[in-house]
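Below is one structure, written out as structure tokens; the observations come after it.
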Amino acid sequence: VQESVNFALKNGYKTIVFDSLTRYAEVLMDDILAKNNKITAQIQHWGELVTRIKKMMWVLQAQNINTIFTCLEKETDEGDQLIKRPSLNGQLVQAIPAIVDVTGYLYATQTSERLLSINPTDKWYAKHRTILANKIDEDLIPDFMILSERIFGIEQDVVEQNILEKVA
């Protein structure tokens, strides 16, 4: 993963997608345990995991790289209701959504249309800190061009031009 991130940074990529951060955290923990010759994670291993993932995210933010993290979901008990959140262990559950600008929930409608909600509901956690001051009330089609335009105010033709420049 580090080699891929370094390659993207060196070669001017504007967007990196981690599919999935849930799995990356598992692989990273396996690496931490192997390097420490352990089978079971102890508190210091969880601390190292959180630190390494947060550090990677901050490096990408400092380089002004659009980063998309997918996660599996898990339900957490919050009082009298269950809320779907990203499936991350320990402190990562709070740390990752605090770092990113947008946390969304991808769901399928009754007609099997997929939509992305970036507004919290009583069923799932979501949030957005957009560059624009506008509030996005509707759920969005999970298309990178549409999301960039609606969330960040980037025109589709600008996004397409950046992609074409990378391909050329």
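FYI, nothing fancy with the structure tokens labels: chains A, B, ... in order, residues from 1 per chain, ligands from 1 as they appear.
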Item to check | Near-region 17-28 of chain A list (7 Å; only C-alpha atoms; drop same-chain fewer than 2 positions) as a PyMOL selection string | outcome: chain A and resi 15+30-32+49+67-72+87-88
Please, which residues of chain A, numbered as in this document, come out strand (DSSP E or B) from DSSP, as a PDB file with C-alpha atoms, in the first residue's frame?
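The resulting file, result_24.pdb, is shown below:
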```
ATOM      1  CA  THR A  15      -7.375  10.756  -6.431  1.00  0.00           C
ATOM      2  CA  ILE A  16      -6.588   7.544  -4.554  1.00  0.00           C
ATOM      3  CA  VAL A  17      -9.236   4.961  -3.630  1.00  0.00           C
ATOM      4  CA  PHE A  18      -8.784   2.516  -0.734  1.00  0.00           C
ATOM      5  CA  ASP A  19     -11.181  -0.391  -1.106  1.00  0.00           C
ATOM      6  CA  ASN A  66      -8.617  13.353  -3.060  1.00  0.00           C
ATOM      7  CA  THR A  67      -8.853  10.148  -1.073  1.00  0.00           C
ATOM      8  CA  ILE A  68     -11.829   7.834  -1.066  1.00  0.00           C
ATOM      9  CA  PHE A  69     -12.052   5.138   1.595  1.00  0.00           C
ATOM     10  CA  THR A  70     -14.693   2.462   1.436  1.00  0.00           C
ATOM     11  CA  GLU A  73     -20.516  -1.409   7.799  1.00  0.00           C
ATOM     12  CA  LYS A  74     -21.349  -2.369  11.341  1.00  0.00           C
ATOM     13  CA  GLU A  75     -24.268  -1.500  13.555  1.00  0.00           C
ATOM     14  CA  THR A  76     -23.570   0.230  16.835  1.00  0.00           C
ATOM     15  CA  ASP A  77     -26.027   0.480  19.684  1.00  0.00           C
ATOM     16  CA  GLU A  78     -26.727   4.121  20.468  1.00  0.00           C
ATOM     17  CA  GLN A  81     -31.505   2.516  18.221  1.00  0.00           C
ATOM     18  CA  LEU A  82     -28.905   0.837  16.031  1.00  0.00           C
ATOM     19  CA  ILE A  83     -26.854   3.088  13.751  1.00  0.00           C
ATOM     20  CA  LYS A  84     -24.748   1.892  10.823  1.00  0.00           C
ATOM     21  CA  ARG A  85     -21.167   3.164  10.948  1.00  0.00           C
ATOM     22  CA  PRO A  86     -17.917   2.318   9.164  1.00  0.00           C
ATOM     23  CA  VAL A 102     -17.283  13.572   3.854  1.00  0.00           C
ATOM     24  CA  THR A 103     -18.612  10.371   5.387  1.00  0.00           C
ATOM     25  CA  TYR A 105     -23.595   5.759   3.489  1.00  0.00           C
ATOM     26  CA  LEU A 106     -24.216   3.829   0.255  1.00  0.00           C
ATOM     27  CA  TYR A 107     -27.543   2.049   0.159  1.00  0.00           C
ATOM     28  CA  ALA A 108     -29.930   0.441  -2.315  1.00  0.00           C
ATOM     29  CA  ARG A 114     -27.816   2.816  -5.397  1.00  0.00           C
ATOM     30  CA  LEU A 115     -27.647   6.178  -3.657  1.00  0.00           C
ATOM     31  CA  LEU A 116     -25.120   7.844  -1.374  1.00  0.00           C
ATOM     32  CA  SER A 117     -26.350   9.757   1.660  1.00  0.00           C
ATOM     33  CA  TRP A 124     -26.727   5.654   9.635  1.00  0.00           C
ATOM     34  CA  LYS A 127     -21.493  14.026   7.565  1.00  0.00           C
ATOM     35  CA  HIS A 128     -19.994  16.541   5.195  1.00  0.00           C
ATOM     36  CA  LEU A 140     -26.611  11.487  -4.521  1.00  0.00           C
TER      37      LEU A 140
END
```
If we count only C-alpha atoms and set the cut-off at 9 Å, which residues sit around His45 (chain A), ignoring sequence neighbours fewer than 2 positions away in its own chain? Please answer as an mmCIF file with C-alpha atoms, in the first residue's frame.
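Listed below is the output, around-v2.cif:
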```cif
data_model
loop_
_atom_site.group_PDB
_atom_site.id
_atom_site.type_symbol
_atom_site.label_atom_id
_atom_site.label_comp_id
_atom_site.auth_asym_id
_atom_site.auth_seq_id
_atom_site.Cartn_x
_atom_site.Cartn_y
_atom_site.Cartn_z
ATOM 1 C CA MET A 29 -2.602 -5.138 12.094
ATOM 2 C CA ILE A 32 2.219 -5.020 13.182
ATOM 3 C CA LEU A 33 1.713 -8.344 14.992
ATOM 4 C CA ASN A 36 6.324 -7.779 17.058
ATOM 5 C CA ALA A 41 -3.101 -7.605 19.528
ATOM 6 C CA GLN A 42 -2.344 -5.698 22.699
ATOM 7 C CA ILE A 43 -3.178 -2.078 23.451
ATOM 8 C CA GLY A 47 -2.307 2.443 19.198
ATOM 9 C CA GLU A 48 0.274 1.852 16.462
ATOM 10 C CA LEU A 49 -2.470 0.888 14.011
ATOM 11 C CA VAL A 50 -4.419 4.098 14.686
#
```
Checklist entry - How many Å separate CA of Ser148 (chain A) from CA of Glu3 (chain A)? => result 26.4 Å
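Between CA of Asp139 (chain A) and CA of Ile118 (chain A) lies a distance of 7.0 Å.
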Item to check | All alpha helix (DSSP H) positions in chain A, as a PyMOL selection string | outcome: chain A and resi 2-10+21-35+43-62+92-99+144-147+156-167
Checklist outcome for this item: From the list A:Gly104, A:Asn64, A:Ser112, A:Ile99, the nearest residue to Ile136 (chain A) using only C-alpha atoms is A:Gly104
